[in-house]
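**Student:** Here it is, the structure, as structure tokens.
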Amino acid sequence: MTAHVRTRFAPSPTGYLHIGGARTALFSWAYARHHKGDFVLRIEDTDVARSTPEAVQAILDGMAWLGLDADEGPFYQMQRMDRYKEVIGQMLAAGTAYHCYTSPEELDQLREAQRARGEKPRYDGRWRPAPGKVLPPVPEGVKPVVRFCNPVDGVVAWDDLVKGRIEIANAELDDLIIARPDGTPTYNFCVVVDDWDMGITQVIRGDDHVNNTPRQINILQALGAQVPQYAHLSMILGDDGTKLSKRHGAVSVMQYDDEGYLPEAVINYLARLSWSHGDDEIFTREQFVEWFDLDHITPSAAQFNTEKLNWLNAHYLKQADNNRLASDVANRLARRGVDPEAGPALEGVVALYKDRAANLNELADAAELFCVDVHPAPELIGQHLTETARAALASLRTRLESVAWEKAALSQAIKDTMAEHGLKMPQVAIPLRVAVLGIAQTPAIDAVLEVLGRERVLARLGRHC
């Protein structure tokens with residue numbers, strides 16, 4: 001790269017940060033980090049009716065959870081209104097913009113007539129100044145919009161860093177409204193001024209913005225501004241190949257936190273939606289930044305795969321530090337109203353269960369059984385805590401009162417009990433699991449007993465034998 005790279009993520013706070021937006025943010029962040037550039041966060045909050053402080057906070061929370069730190073910002077468009085109006089004034093003075101007094105009713109009539117003739121509905125430029133042209137008289141009491149003088153001839157073209165060469169005939173574009181009757185600027189205009197003022201060199205965004213790009217390029221050129229490079233990312237489809245919806249992933253990024261996903265798993269998964277580095281499926285954030293480029297982004301639609309995300313999350317759980325997992329599990333238990341201090345040290349519990357858990361909520365489910373008084377379901381009691389089983393558990397409880405509290409000794413105590421009563425391992429281990437944790441399946445029972453602790457084990461066994 002010859003110029004200092006500056007990318008941006010510019011969400012509109014009319015909803016939460018969802019998977020599509022998070023991928024755009026990730027790719028913009030990674031491109032800046034790869035090139036030792038700057039990543040700018042901008043909040044496009046000019047839609048006052050739909051933008052909310054809660055949505056802004058949800059975006060900031062999602063970015064923080066994913067670890068996508070901005071070098072500059074967040075900048076808010078509503079705080080830049082004076083700058084937009086200043087540029088509009090300059091364009092009016094330069095003749096690259098003009099006042100248009102066409103009413104909404106007149107526009108509707110114009111479009112209906114065009115459709116009736118089989119033409120594409122578009123503004124006809126009736127208020128656009130031109131040499132020798134006589135404009136209609138200015139109607140009284142009508143506040144005009146401001147329109148941009150889009151070039152009439154030629155094409156607007158760019159080499160999209162994902163989609164390749166794109167060319168649009170200027171004849172296909174009418175004169176865009178850049179300020180409403182009340183003077184507030186429109187989205188496409190604000191974006192242009194922001195990208196210009198902030199020196200954005202690469203605009204990485206979803207391909208739903210492709211249609212906006214030719215208009216934005218024309219405005220930038222009219223301002224004499226440097227045109228950034230554009231990279232339009234393909235859409236993300238759901239598991240079933242249809243447009244992504246809430247039922248398969250188009251939810252707030254923070255819902256993935258609620259559902260027990262680790263941010264590094266979500267980052268790794270998002271990175272592989274449209275981008276690849278050979279056959280690598282699992283990689284660190286640092287490796288992703290080192291490898292990331294725009295050359296290996298496919299222009300075809302990506303497909304969301306919940307099973308793949310779950311697989312990645314299980315992998316990262318296995319690799320995660322036990323202290324970190326214990327802290328997160330403690331928070332989840334507290335939110336459930338469970339005292340995490342009421343059980344054994346959670347580091348031991350998560351070490352026992354993290355290889356078999358798919359997410360943090362499953363870890364918390366397991367840890368909860370170590371922290372509360374368990375009450376086995378009646379059907380489990382009837383099936384497993386038979387007279388024979390209770391007699392064996394009573395013998396085991398006596399042994400456990402004095403045995404060394406470590407796995408090998410606990411395992412031997414169970415074996416001695418089996419031998420004494422002529423039972424096989426499942427005939428002792430399963431009733432033991434039901435008695436101490438209220439469930440029939442757990443990790444190795446000697447490891448469970450070791451983590452649960454002598455006092456809790458003896459107390460729980462005492463209720464059933």
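Ordered as shown in the structure tokens, chains take letters A, B, and onward, while each chain numbers its residues from 1 and ligands are numbered from 1 in the order shown.
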Do you have, as a tab-separated table, the list of residues of stretch 193-261 of chain A lying at most 8 Å from stretch 60-79 of chain A, each with its nearest atom pair and that distance in Å to one decimal, counting only C-alpha atoms and ordered by chain then number?

**Tutor:**
residue	atom	partner	partner_atom	distance
A:Ser252	CA	A:Gly62	CA	8.0
A:Val253	CA	A:Gly62	CA	5.7
A:Met254	CA	A:Gly62	CA	5.7

**Student:** Can I get the selected residues back with all heavy atoms, as a PDB file, in the first residue's frame?

**Tutor:**
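Result file is part_13.pdb:
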ATOM      1  N   SER A 252     -28.690  -9.974  17.442  1.00  0.00           N
ATOM      2  CA  SER A 252     -27.658  -9.145  18.047  1.00  0.00           C
ATOM      3  C   SER A 252     -26.432  -9.986  18.365  1.00  0.00           C
ATOM      4  O   SER A 252     -26.529 -11.113  18.850  1.00  0.00           O
ATOM      5  CB  SER A 252     -28.198  -8.514  19.332  1.00  0.00           C
ATOM      6  OG  SER A 252     -27.154  -7.979  20.102  1.00  0.00           O
ATOM      7  N   VAL A 253     -25.258  -9.414  18.096  1.00  0.00           N
ATOM      8  CA  VAL A 253     -24.012 -10.097  18.432  1.00  0.00           C
ATOM      9  C   VAL A 253     -23.993 -10.471  19.913  1.00  0.00           C
ATOM     10  O   VAL A 253     -23.511 -11.548  20.298  1.00  0.00           O
ATOM     11  CB  VAL A 253     -22.799  -9.215  18.072  1.00  0.00           C
ATOM     12  CG1 VAL A 253     -21.532  -9.697  18.759  1.00  0.00           C
ATOM     13  CG2 VAL A 253     -22.598  -9.205  16.558  1.00  0.00           C
ATOM     14  N   MET A 254     -24.535  -9.598  20.759  1.00  0.00           N
ATOM     15  CA  MET A 254     -24.515  -9.867  22.195  1.00  0.00           C
ATOM     16  C   MET A 254     -25.389 -11.063  22.569  1.00  0.00           C
ATOM     17  O   MET A 254     -25.233 -11.624  23.656  1.00  0.00           O
ATOM     18  CB  MET A 254     -24.942  -8.629  22.975  1.00  0.00           C
ATOM     19  CG  MET A 254     -23.975  -7.455  22.820  1.00  0.00           C
ATOM     20  SD  MET A 254     -22.244  -7.902  23.111  1.00  0.00           S
ATOM     21  CE  MET A 254     -22.298  -8.340  24.833  1.00  0.00           C
TER      22      MET A 254
END

**Student:** Which residues of stretch 354-443 of chain A have any atom within 10 Å of an atom in stretch 449-455 of chain A when counting only C-alpha atoms, and what is the closest pair of atoms for each, with the distance in Å to one decimal? Order the rows by chain and rising number and write it as JSON lines.

**Tutor:**
{"residue": "A:Leu369", "atom": "CA", "partner": "A:Leu452", "partner_atom": "CA", "distance": 9.6}
{"residue": "A:Phe370", "atom": "CA", "partner": "A:Leu452", "partner_atom": "CA", "distance": 6.4}
{"residue": "A:Cys371", "atom": "CA", "partner": "A:Leu452", "partner_atom": "CA", "distance": 9.1}
{"residue": "A:Arg397", "atom": "CA", "partner": "A:Arg454", "partner_atom": "CA", "distance": 9.9}
{"residue": "A:Leu400", "atom": "CA", "partner": "A:Arg454", "partner_atom": "CA", "distance": 7.5}
{"residue": "A:Glu401", "atom": "CA", "partner": "A:Arg454", "partner_atom": "CA", "distance": 7.6}
{"residue": "A:Ser402", "atom": "CA", "partner": "A:Arg454", "partner_atom": "CA", "distance": 9.4}
{"residue": "A:Val403", "atom": "CA", "partner": "A:Arg454", "partner_atom": "CA", "distance": 9.4}
{"residue": "A:Ala404", "atom": "CA", "partner": "A:Arg454", "partner_atom": "CA", "distance": 9.6}
{"residue": "A:Trp405", "atom": "CA", "partner": "A:Glu450", "partner_atom": "CA", "distance": 6.3}
{"residue": "A:Glu406", "atom": "CA", "partner": "A:Glu450", "partner_atom": "CA", "distance": 5.7}
{"residue": "A:Lys407", "atom": "CA", "partner": "A:Glu450", "partner_atom": "CA", "distance": 6.1}
{"residue": "A:Ala408", "atom": "CA", "partner": "A:Glu450", "partner_atom": "CA", "distance": 9.7}
{"residue": "A:Ala409", "atom": "CA", "partner": "A:Glu450", "partner_atom": "CA", "distance": 9.7}
{"residue": "A:Leu410", "atom": "CA", "partner": "A:Glu450", "partner_atom": "CA", "distance": 7.6}
{"residue": "A:Ser411", "atom": "CA", "partner": "A:Leu449", "partner_atom": "CA", "distance": 9.5}
{"residue": "A:Leu432", "atom": "CA", "partner": "A:Leu449", "partner_atom": "CA", "distance": 9.5}
{"residue": "A:Arg433", "atom": "CA", "partner": "A:Leu449", "partner_atom": "CA", "distance": 9.2}
{"residue": "A:Val436", "atom": "CA", "partner": "A:Leu449", "partner_atom": "CA", "distance": 8.4}
{"residue": "A:Leu437", "atom": "CA", "partner": "A:Leu452", "partner_atom": "CA", "distance": 9.4}

**Student:** Which residues, written as number ranges by chain, have at least one atom at most 8 Å from A:Val227, with only C-alpha atoms counted and residues fewer than 3 positions away on the same chain left out?

**Tutor:** A: 201, 217, 220-221

**Student:** Please report the interatomic distance between atom CA of A:Arg390 and atom CA of A:Leu352 in Å with one decimal.

**Tutor:**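 Atom CA of A:Leu352 lies at a distance of 26.3 Å from atom CA of A:Arg390.
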
**Student:** Could you tell me which of A:Ser103, A:Asn331, A:Thr24, A:Asn359 comes closest to A:Met235 if we count only C-alpha atoms?

**Tutor:**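 Closest residue, counting only C-alpha atoms: A:Thr24.
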
**Student:** I'd like the contact shell of stretch 419-430 of chain A - 12 Å cut-off, only C-alpha atoms, skipping same-chain residues fewer than 6 positions apart - returned as a PyMOL selection string.

**Tutor:** chain A and resi 380-381+383-397+399+410-413+436-449

**Student:** With only C-alpha atoms counted and 9 Å as the cut-off, give the residues of stretch 196-256 of chain A in contact with stretch 133-153 of chain A, each with its shortest interatomic distance in Å and the pair that gives it, as a Markdown table.

**Tutor:**
| residue | atom | partner | partner_atom | distance |
| --- | --- | --- | --- | --- |
| A:Arg215 | CA | A:Asn150 | CA | 7.7 |
| A:Asn218 | CA | A:Asn150 | CA | 6.8 |
| A:Ile219 | CA | A:Phe148 | CA | 7.5 |
| A:Ala222 | CA | A:Asn150 | CA | 8.9 |

**Student:** Would you put the residues from that selection into a file with N, CA, C and O atoms, as a PDB file, in the first residue's frame?

**Tutor:**
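What ended up in part.pdb:
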ATOM      1  N   ARG A 215     -23.331   7.106  -7.079  1.00  0.00           N
ATOM      2  CA  ARG A 215     -23.759   8.450  -6.663  1.00  0.00           C
ATOM      3  C   ARG A 215     -22.716   9.079  -5.746  1.00  0.00           C
ATOM      4  O   ARG A 215     -22.397  10.263  -5.861  1.00  0.00           O
ATOM      5  N   ASN A 218     -19.630  10.181  -7.684  1.00  0.00           N
ATOM      6  CA  ASN A 218     -19.863  11.420  -8.436  1.00  0.00           C
ATOM      7  C   ASN A 218     -19.830  12.643  -7.518  1.00  0.00           C
ATOM      8  O   ASN A 218     -19.303  13.698  -7.900  1.00  0.00           O
ATOM      9  N   ILE A 219     -20.392  12.528  -6.325  1.00  0.00           N
ATOM     10  CA  ILE A 219     -20.361  13.660  -5.395  1.00  0.00           C
ATOM     11  C   ILE A 219     -18.927  13.941  -4.954  1.00  0.00           C
ATOM     12  O   ILE A 219     -18.493  15.110  -4.893  1.00  0.00           O
ATOM     13  N   ALA A 222     -17.190  15.732  -7.643  1.00  0.00           N
ATOM     14  CA  ALA A 222     -17.646  17.123  -7.742  1.00  0.00           C
ATOM     15  C   ALA A 222     -17.013  17.992  -6.667  1.00  0.00           C
ATOM     16  O   ALA A 222     -16.794  19.198  -6.869  1.00  0.00           O
TER      17      ALA A 222
END

**Student:** Please build the interface table for stretch 148-232 of chain A against stretch 30-44 of chain A with a cut-off of 9 Å, listing for each qualifying residue the nearest atom pair and the distance in Å to one decimal; count only C-alpha atoms, order rows by chain and increasing number, and write it as a Markdown table.

**Tutor:**
| residue | atom | partner | partner_atom | distance |
| --- | --- | --- | --- | --- |
| A:Tyr187 | CA | A:Glu44 | CA | 8.2 |
| A:Cys190 | CA | A:Glu44 | CA | 8.5 |
| A:Val191 | CA | A:Glu44 | CA | 8.3 |
| A:Asp194 | CA | A:Arg42 | CA | 8.8 |
| A:Met198 | CA | A:Val40 | CA | 8.4 |
| A:Ile200 | CA | A:Val40 | CA | 8.6 |
| A:Gln202 | CA | A:Tyr31 | CA | 8.9 |

**Student:** Store the residues picked out above, limited to all heavy atoms, as a PDB file, in the first residue's frame.

**Tutor:**
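In the end it all went to result00.pdb:
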ATOM      1  N   TYR A 187     -28.569  10.620   3.730  1.00  0.00           N
ATOM      2  CA  TYR A 187     -27.564   9.595   4.036  1.00  0.00           C
ATOM      3  C   TYR A 187     -26.395   9.619   3.057  1.00  0.00           C
ATOM      4  O   TYR A 187     -25.232   9.688   3.454  1.00  0.00           O
ATOM      5  CB  TYR A 187     -28.222   8.215   4.029  1.00  0.00           C
ATOM      6  CG  TYR A 187     -27.230   7.091   3.943  1.00  0.00           C
ATOM      7  CD1 TYR A 187     -26.503   6.685   5.059  1.00  0.00           C
ATOM      8  CD2 TYR A 187     -26.977   6.443   2.734  1.00  0.00           C
ATOM      9  CE1 TYR A 187     -25.563   5.670   4.982  1.00  0.00           C
ATOM     10  CE2 TYR A 187     -26.048   5.420   2.643  1.00  0.00           C
ATOM     11  CZ  TYR A 187     -25.339   5.048   3.766  1.00  0.00           C
ATOM     12  OH  TYR A 187     -24.408   4.052   3.677  1.00  0.00           O
ATOM     13  N   CYS A 190     -24.087  12.639   3.586  1.00  0.00           N
ATOM     14  CA  CYS A 190     -23.316  12.601   4.838  1.00  0.00           C
ATOM     15  C   CYS A 190     -22.161  11.610   4.744  1.00  0.00           C
ATOM     16  O   CYS A 190     -21.042  11.881   5.204  1.00  0.00           O
ATOM     17  CB  CYS A 190     -24.219  12.223   6.009  1.00  0.00           C
ATOM     18  SG  CYS A 190     -25.517  13.421   6.376  1.00  0.00           S
ATOM     19  N   VAL A 191     -22.427  10.449   4.161  1.00  0.00           N
ATOM     20  CA  VAL A 191     -21.394   9.428   4.016  1.00  0.00           C
ATOM     21  C   VAL A 191     -20.213   9.978   3.222  1.00  0.00           C
ATOM     22  O   VAL A 191     -19.047   9.759   3.578  1.00  0.00           O
ATOM     23  CB  VAL A 191     -21.975   8.177   3.323  1.00  0.00           C
ATOM     24  CG1 VAL A 191     -20.871   7.224   2.894  1.00  0.00           C
ATOM     25  CG2 VAL A 191     -22.941   7.464   4.241  1.00  0.00           C
ATOM     26  N   ASP A 194     -18.258  12.556   5.274  1.00  0.00           N
ATOM     27  CA  ASP A 194     -17.526  11.872   6.348  1.00  0.00           C
ATOM     28  C   ASP A 194     -16.298  11.153   5.806  1.00  0.00           C
ATOM     29  O   ASP A 194     -15.201  11.259   6.364  1.00  0.00           O
ATOM     30  CB  ASP A 194     -18.442  10.864   7.048  1.00  0.00           C
ATOM     31  CG  ASP A 194     -19.505  11.524   7.900  1.00  0.00           C
ATOM     32  OD1 ASP A 194     -19.339  12.706   8.245  1.00  0.00           O
ATOM     33  OD2 ASP A 194     -20.503  10.853   8.228  1.00  0.00           O
ATOM     34  N   MET A 198     -12.604  12.350   6.865  1.00  0.00           N
ATOM     35  CA  MET A 198     -11.867  11.399   7.695  1.00  0.00           C
ATOM     36  C   MET A 198     -10.773  10.668   6.938  1.00  0.00           C
ATOM     37  O   MET A 198     -10.097   9.804   7.493  1.00  0.00           O
ATOM     38  CB  MET A 198     -12.849  10.412   8.336  1.00  0.00           C
ATOM     39  CG  MET A 198     -13.821  11.104   9.286  1.00  0.00           C
ATOM     40  SD  MET A 198     -15.094   9.986   9.944  1.00  0.00           S
ATOM     41  CE  MET A 198     -16.172  11.187  10.767  1.00  0.00           C
ATOM     42  N   ILE A 200     -10.802   8.439   4.546  1.00  0.00           N
ATOM     43  CA  ILE A 200     -10.980   6.993   4.394  1.00  0.00           C
ATOM     44  C   ILE A 200     -10.404   6.552   3.046  1.00  0.00           C
ATOM     45  O   ILE A 200     -10.728   7.113   2.003  1.00  0.00           O
ATOM     46  CB  ILE A 200     -12.465   6.607   4.500  1.00  0.00           C
ATOM     47  CG1 ILE A 200     -13.041   7.059   5.857  1.00  0.00           C
ATOM     48  CG2 ILE A 200     -12.651   5.111   4.301  1.00  0.00           C
ATOM     49  CD1 ILE A 200     -12.321   6.515   7.067  1.00  0.00           C
ATOM     50  N   GLN A 202     -10.159   2.984   2.143  1.00  0.00           N
ATOM     51  CA  GLN A 202     -10.866   1.788   1.685  1.00  0.00           C
ATOM     52  C   GLN A 202     -12.214   1.708   2.405  1.00  0.00           C
ATOM     53  O   GLN A 202     -12.248   1.753   3.633  1.00  0.00           O
ATOM     54  CB  GLN A 202     -10.075   0.495   1.968  1.00  0.00           C
ATOM     55  CG  GLN A 202      -8.918   0.231   1.022  1.00  0.00           C
ATOM     56  CD  GLN A 202      -7.690   1.048   1.371  1.00  0.00           C
ATOM     57  OE1 GLN A 202      -7.506   1.432   2.532  1.00  0.00           O
ATOM     58  NE2 GLN A 202      -6.863   1.329   0.385  1.00  0.00           N
TER      59      GLN A 202
END

**Student:** What is the distance between atom CA of A:Val193 and atom CA of A:Arg180, in Å to one decimal?

**Tutor:** 16.3 Å

**Student:** So which one's closest to A:Asp47, A:Pro121, A:Glu307, A:Ser12, A:Pro340? Using only C-alpha atoms, please.

**Tutor:**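 Distance minimum relative to A:Asp47 lands on A:Ser12.
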
**Student:** Could you pull out the strand (DSSP E) residues of stretch 163-215 of chain A, going by DSSP on the backbone, and write them as a PyMOL selection string?

**Tutor:** chain A and resi 164-169+177-179+202-206

**Student:** For atom CA of A:Gln255 and atom CA of A:Ala367, quote the distance in Å rounded to one decimal.

**Tutor:**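 Between atom CA of A:Gln255 and atom CA of A:Ala367 the gap is 21.4 Å.
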